[in-house]
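Next up, input_34.csv (CSV, C-alpha atoms):
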```csv
chain,number,residue,atom,x,y,z
U,1,MET,CA,-11.1,8.9,2.1
U,2,SER,CA,-10.1,5.9,0.0
U,3,ALA,CA,-9.8,2.2,0.3
U,4,TRP,CA,-7.8,0.1,-2.1
U,5,LEU,CA,-7.9,-3.5,-3.5
U,6,VAL,CA,-4.7,-5.2,-4.4
U,7,HIS,CA,-5.2,-8.5,-6.3
U,8,THR,CA,-2.6,-11.3,-5.9
U,9,ASP,CA,-2.2,-14.9,-7.1
U,10,GLU,CA,-3.6,-16.2,-3.8
U,11,GLY,CA,-6.3,-13.7,-3.1
U,12,THR,CA,-7.0,-10.1,-2.5
U,13,VAL,CA,-5.8,-7.5,0.0
U,14,LEU,CA,-8.0,-4.6,1.1
U,15,ILE,CA,-6.3,-1.4,2.5
U,16,ASP,CA,-8.5,0.5,5.0
U,17,THR,CA,-12.2,-0.1,5.6
U,18,LEU,CA,-14.0,3.3,5.3
U,19,TYR,CA,-16.9,3.6,7.7
U,20,GLY,CA,-20.7,3.8,8.3
U,21,PRO,CA,-22.5,5.4,5.3
U,22,PHE,CA,-19.9,4.2,2.8
U,23,MET,CA,-19.9,0.5,3.7
U,24,ASP,CA,-22.6,-0.7,1.3
U,25,LYS,CA,-20.9,1.2,-1.5
U,26,LEU,CA,-17.6,-0.2,-0.6
U,27,VAL,CA,-19.0,-3.8,-0.8
U,28,ALA,CA,-20.7,-3.0,-4.1
U,29,ASP,CA,-17.5,-1.5,-5.5
U,30,ILE,CA,-15.5,-4.6,-4.5
U,31,GLU,CA,-18.0,-6.9,-6.1
U,32,SER,CA,-18.1,-4.7,-9.2
U,33,THR,CA,-14.4,-5.6,-9.8
U,34,GLY,CA,-15.4,-9.3,-10.0
U,35,THR,CA,-13.9,-9.9,-6.5
U,36,ALA,CA,-15.7,-12.3,-4.3
U,37,LEU,CA,-15.8,-11.2,-0.6
U,38,GLU,CA,-14.5,-14.6,0.4
U,39,ASP,CA,-11.4,-14.0,-1.7
U,40,ILE,CA,-10.2,-11.1,0.4
U,41,LYS,CA,-7.5,-12.6,2.7
U,42,TYR,CA,-6.1,-9.5,4.4
U,43,VAL,CA,-7.3,-6.1,5.5
U,44,LEU,CA,-4.4,-3.8,6.1
U,45,MET,CA,-5.5,-0.8,8.3
U,46,THR,CA,-3.5,2.4,8.6
U,47,HIS,CA,-4.6,3.8,11.9
U,48,GLY,CA,-7.3,3.8,14.5
U,49,HIS,CA,-9.4,6.8,13.4
U,50,PHE,CA,-13.1,6.0,12.6
U,51,ASP,CA,-12.9,6.9,8.9
U,52,HIS,CA,-10.2,4.3,8.3
U,53,VAL,CA,-11.2,1.4,10.6
U,54,GLY,CA,-14.9,2.3,11.3
U,55,GLY,CA,-16.0,-0.4,8.8
U,56,ALA,CA,-13.9,-3.2,10.3
U,57,ALA,CA,-16.7,-4.6,12.4
U,58,PHE,CA,-19.1,-4.5,9.4
U,59,LEU,CA,-16.6,-6.2,7.1
U,60,LYS,CA,-15.6,-8.8,9.8
U,61,ASP,CA,-19.0,-10.3,9.3
U,62,LYS,CA,-18.8,-10.3,5.5
U,63,LEU,CA,-15.2,-11.4,4.8
U,64,PRO,CA,-15.0,-14.9,6.3
U,65,ASN,CA,-11.4,-15.5,5.2
U,66,ALA,CA,-9.8,-12.2,6.0
U,67,LYS,CA,-7.3,-11.4,8.6
U,68,PHE,CA,-7.2,-7.8,9.9
U,69,VAL,CA,-3.8,-6.2,10.3
U,70,MET,CA,-2.4,-3.2,12.0
U,71,SER,CA,0.5,-2.1,14.1
U,72,GLU,CA,0.4,-2.6,17.9
U,73,GLY,CA,0.0,1.2,18.3
U,74,GLY,CA,-2.8,1.2,15.7
U,75,TRP,CA,-4.7,-1.5,17.5
U,76,THR,CA,-4.4,0.3,20.8
U,77,GLU,CA,-5.7,3.6,19.5
U,78,PHE,CA,-8.5,1.8,17.6
U,79,LEU,CA,-9.7,-0.2,20.6
U,80,GLU,CA,-9.4,2.7,23.0
U,81,ALA,CA,-11.4,4.9,20.6
U,82,ALA,CA,-14.1,2.3,20.3
U,83,GLU,CA,-14.4,2.0,24.1
U,84,ALA,CA,-14.5,5.8,24.5
U,85,SER,CA,-17.2,6.2,21.9
U,86,LYS,CA,-19.7,3.8,23.4
U,87,GLY,CA,-23.1,5.5,23.8
U,88,THR,CA,-22.1,8.5,21.7
U,89,ARG,CA,-23.7,9.5,18.4
U,90,ARG,CA,-20.6,8.4,16.5
U,91,GLU,CA,-20.0,5.0,18.1
U,92,LEU,CA,-17.0,3.1,16.7
U,93,ARG,CA,-17.4,-0.6,16.9
U,94,GLY,CA,-14.2,-2.4,17.7
U,95,ILE,CA,-13.1,-5.9,16.7
U,96,GLU,CA,-10.9,-8.3,18.5
U,97,LYS,CA,-7.2,-7.6,17.9
U,98,ASP,CA,-6.1,-9.8,15.0
U,99,VAL,CA,-2.7,-9.7,13.3
U,100,VAL,CA,0.0,-7.3,14.5
U,101,MET,CA,2.7,-6.2,12.1
U,102,LYS,CA,5.9,-4.4,13.1
U,103,ASP,CA,7.9,-1.7,11.5
U,104,GLY,CA,9.8,-3.0,8.5
U,105,GLU,CA,8.0,-6.3,8.5
U,106,THR,CA,6.9,-7.7,5.2
U,107,LEU,CA,4.0,-9.9,4.4
U,108,GLU,CA,4.8,-12.1,1.4
U,109,PHE,CA,1.5,-13.1,-0.1
U,110,GLY,CA,0.4,-14.2,-3.6
U,111,GLY,CA,3.6,-13.1,-5.3
U,112,ASN,CA,3.4,-9.6,-3.7
U,113,SER,CA,5.3,-8.0,-0.8
U,114,PHE,CA,3.4,-5.8,1.6
U,115,THR,CA,5.8,-3.9,3.9
U,116,MET,CA,4.6,-2.0,6.9
U,117,ILE,CA,6.4,1.2,7.8
U,118,GLU,CA,5.4,2.8,11.1
U,119,THR,CA,4.9,6.5,10.4
U,120,PRO,CA,3.7,8.1,13.7
U,121,CYS,CA,2.7,11.3,12.1
U,122,HIS,CA,-1.1,11.8,11.9
U,123,THR,CA,-1.5,9.6,15.1
U,124,TRP,CA,1.1,7.8,17.1
U,125,GLY,CA,-0.2,4.5,15.8
U,126,THR,CA,-0.2,5.4,12.1
U,127,SER,CA,1.4,3.0,9.7
U,128,SER,CA,2.0,3.1,5.9
U,129,TYR,CA,2.2,0.2,3.5
U,130,MET,CA,4.3,-0.4,0.5
U,131,TYR,CA,3.4,-3.1,-2.1
U,132,ASN,CA,3.6,-3.9,-5.8
U,133,VAL,CA,1.1,-2.7,-8.4
U,134,GLN,CA,0.9,-3.6,-12.1
U,135,ASP,CA,0.6,-1.4,-15.2
U,136,GLY,CA,0.2,-4.0,-17.9
U,137,GLU,CA,3.4,-6.1,-17.8
U,138,ASN,CA,5.2,-3.5,-15.7
U,139,THR,CA,5.5,-3.7,-11.9
U,140,HIS,CA,5.8,-0.6,-9.8
U,141,ARG,CA,6.2,-0.1,-6.0
U,142,ALA,CA,3.4,1.8,-4.5
U,143,ILE,CA,2.8,3.3,-1.0
U,144,THR,CA,-0.3,4.2,0.9
U,145,ILE,CA,0.8,6.8,3.4
U,146,GLY,CA,-1.3,6.1,6.5
U,147,GLY,CA,-1.9,9.6,7.8
U,148,LEU,CA,-1.4,13.1,6.3
U,149,GLY,CA,-3.2,15.5,8.6
U,150,LEU,CA,-1.9,17.5,11.5
U,151,ASN,CA,-5.3,17.5,13.2
U,152,ALA,CA,-4.6,15.0,15.9
U,153,ILE,CA,-1.3,16.4,17.2
U,154,GLU,CA,-0.7,16.2,20.9
U,155,GLY,CA,2.4,18.4,21.1
U,156,PRO,CA,5.9,19.1,19.7
U,157,THR,CA,7.2,15.6,20.2
U,158,GLN,CA,4.6,14.2,17.9
U,159,VAL,CA,5.3,16.9,15.3
U,160,GLU,CA,8.9,15.9,15.4
U,161,ALA,CA,7.9,12.3,14.8
U,162,TYR,CA,5.7,13.5,11.9
U,163,ILE,CA,8.8,15.2,10.3
U,164,GLU,CA,10.9,12.1,10.8
U,165,SER,CA,8.1,10.0,9.2
U,166,VAL,CA,7.8,12.1,6.0
U,167,ASP,CA,11.6,12.3,5.7
U,168,ARG,CA,11.6,8.5,5.8
U,169,VAL,CA,8.9,8.3,3.1
U,170,ALA,CA,10.9,10.8,0.9
U,171,ALA,CA,14.0,8.6,1.3
U,172,LEU,CA,12.1,5.5,0.1
U,173,ILE,CA,11.1,7.5,-3.0
U,174,ALA,CA,14.2,9.4,-3.8
U,175,GLU,CA,16.9,6.9,-2.9
U,176,ALA,CA,17.6,3.4,-4.1
U,177,GLY,CA,15.6,1.7,-1.3
U,178,GLU,CA,12.2,0.7,-2.3
U,179,ASN,CA,11.9,2.9,-5.4
U,180,VAL,CA,8.4,4.0,-4.6
U,181,GLU,CA,6.7,5.5,-7.7
U,182,VAL,CA,3.0,5.5,-6.9
U,183,HIS,CA,1.0,7.0,-4.0
U,184,LEU,CA,-2.4,5.4,-3.5
U,185,THR,CA,-3.7,7.9,-1.0
U,186,THR,CA,-6.1,7.4,1.9
U,187,HIS,CA,-7.6,10.8,1.1
U,188,GLY,CA,-8.1,11.7,-2.5
U,189,PHE,CA,-8.2,15.4,-2.0
U,190,SER,CA,-4.6,15.3,-0.9
U,191,ASN,CA,-3.1,14.6,-4.3
U,192,ASN,CA,-5.9,15.2,-6.9
U,193,LEU,CA,-7.0,11.5,-7.0
U,194,GLU,CA,-10.1,12.2,-9.1
U,195,GLU,CA,-8.2,14.3,-11.6
U,196,THR,CA,-5.5,11.6,-11.9
U,197,ARG,CA,-8.1,8.9,-12.4
U,198,ALA,CA,-9.7,10.9,-15.2
U,199,LEU,CA,-6.3,11.2,-16.9
U,200,LEU,CA,-5.9,7.5,-16.6
U,201,GLU,CA,-9.3,6.8,-18.2
U,202,ALA,CA,-8.3,9.2,-21.1
U,203,ARG,CA,-4.9,7.7,-21.5
U,204,GLY,CA,-4.0,6.8,-25.0
U,205,ALA,CA,-1.9,3.8,-26.2
U,206,GLY,CA,1.7,4.2,-25.3
U,207,GLU,CA,1.1,7.2,-23.1
U,208,PRO,CA,2.5,7.2,-19.5
U,209,ASN,CA,0.4,6.2,-16.6
U,210,PRO,CA,-0.4,9.3,-14.6
U,211,PHE,CA,-0.3,7.4,-11.3
U,212,ILE,CA,3.4,6.6,-11.8
U,213,ALA,CA,4.7,9.9,-10.5
U,214,PRO,CA,7.5,9.8,-8.0
U,215,ASP,CA,8.3,13.5,-8.5
U,216,ALA,CA,4.7,14.4,-7.6
U,217,ILE,CA,4.9,12.2,-4.4
U,218,LEU,CA,8.1,14.0,-3.4
U,219,LYS,CA,6.4,17.4,-4.0
U,220,GLN,CA,3.5,16.3,-1.8
U,221,VAL,CA,5.8,15.0,0.9
U,222,ALA,CA,7.8,18.2,0.9
U,223,GLY,CA,4.5,20.1,1.4
U,224,LEU,CA,3.6,17.9,4.3
U,225,ARG,CA,7.0,18.5,5.8
U,226,ALA,CA,6.8,22.3,5.4
U,227,GLY,CA,3.4,22.3,7.1
U,228,ALA,CA,4.8,20.2,10.0
U,229,VAL,CA,7.8,22.5,10.4
U,230,ALA,CA,5.4,25.5,10.7
U,231,ARG,CA,3.3,23.6,13.2
U,232,LEU,CA,6.3,22.7,15.2
U,233,ALA,CA,7.2,26.3,15.6
U,234,ILE,CA,3.6,27.0,16.9
U,235,GLU,CA,3.7,24.0,19.3
U,236,ASN,CA,7.1,25.1,20.7
U,237,GLU,CA,5.7,28.6,21.5
U,238,LYS,CA,2.9,27.2,23.7
```
Would you write the structure of this file as structure tokens?
Amino acid sequence: MSAWLVHTDEGTVLIDTLYGPFMDKLVADIESTGTALEDIKYVLMTHGHFDHVGGAAFLKDKLPNAKFVMSEGGWTEFLEAAEASKGTRRELRGIEKDVVMKDGETLEFGGNSFTMIETPCHTWGTSSYMYNVQDGENTHRAITIGGLGLNAIEGPTQVEAYIESVDRVAALIAEAGENVEVHLTTHGFSNNLEETRALLEARGAGEPNPFIAPDAILKQVAGLRAGAVARLAIENEK
């Protein structure tokens, strides 16, 4: 899984928190970018699964100026999961519900625009975020799709919502809309993140940035849709 830092003119935004054994490394990686923990002003969380919000309680104590953000559905599944996990080997520490964003709502912060899109695919409370990223002097619209897997499906209605969600993401990329060109994924294996990062490091002067790849995002989303259509057929046969 991945977490992302987005620097703005007024402070830094962190997307997702990771969990448990990765927390010390996350903090070290943040500091290695020259980012002071007190400069992080928002933590945007995608959904309530432990690998995405499990570090929230840890970070709450270390980020004194940060507000934690999620959809209403995301907060509900996070806090319910935390309550259900008490006393288990994988206990999820919850935090008090903080900022709630709604579908289509935009957080204007530090010269950037962070837009939440509710994408109830991976879980009912999953959200994705769109925001601007810089490549030198050029600005590009990026998306972090909040959930990709079909491993938390409760039935055909949720699979139908998954299909609607990926269709909505595809429209944001392929049509005028938001002109999304970059996918900063929550799970690197889903779109060859490490390979793309290696290409970026080897990039020569004047060569294109490998992360700017709207066609690759559309291909990934089409694959997600195909998997969901196949899963829907299975769910409808139950």
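Compared by their closest atoms to Asn65 in chain U, and using only C-alpha atoms, the residues U:Val13, U:Ile30, U:Ala81, U:Val100 rank with U:Val13 nearest.
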**Report entry** Spatial neighbours of range 101-114 of chain U, max dist 8 Å, only C-alpha atoms, sep filter under 2 positions, as a ChimeraX atom specification
**Finding:** /U:8-11,69-72,99,116-118,129-132
Query raised in the report: Lys97 in chain U: which residues within 12 Å, counting all atoms listed in the file, same-chain residues fewer than 2 positions away excluded, as a list in words?
Result: Met45, Gly48, Ala56, Ala57, Lys60, Lys67, Phe68, Val69, Met70, Ser71, Glu72, Gly73, Gly74, Trp75, Thr76, Glu77, Phe78, Leu79, Glu80, Gly94, Ile95, Val99, Val100 and Met101 of chain U
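From CA of Ala228 in chain U back to CA of Ser127 in chain U, the distance works out to 17.5 Å.
Between CA of Ala36 in chain U and CA of Thr196 in chain U lies a distance of 27.1 Å.
Going from CA of Ala28 in chain U to CA of Ala66 in chain U covers 17.5 Å.
Between Asn192 in chain U and the residues U:Ala233, U:Ser165, U:Phe211, U:Glu154, the shortest atom-to-atom distance, using only C-alpha atoms, involves U:Phe211.
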Report task. Mind checking which residues fall within 12 Å of Ile234 in chain U, counting only C-alpha atoms, ignoring those fewer than 3 positions away in the same chain, and posting them as a PyMOL selection string? Result -> chain U and resi 153+155-156+159+227-231+237-238
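Taking all atoms listed in the file into account, Pro210 in chain U lies nearest to U:Ala198 out of the set U:Ile163, U:Val53, U:Ala198, U:Ala82.
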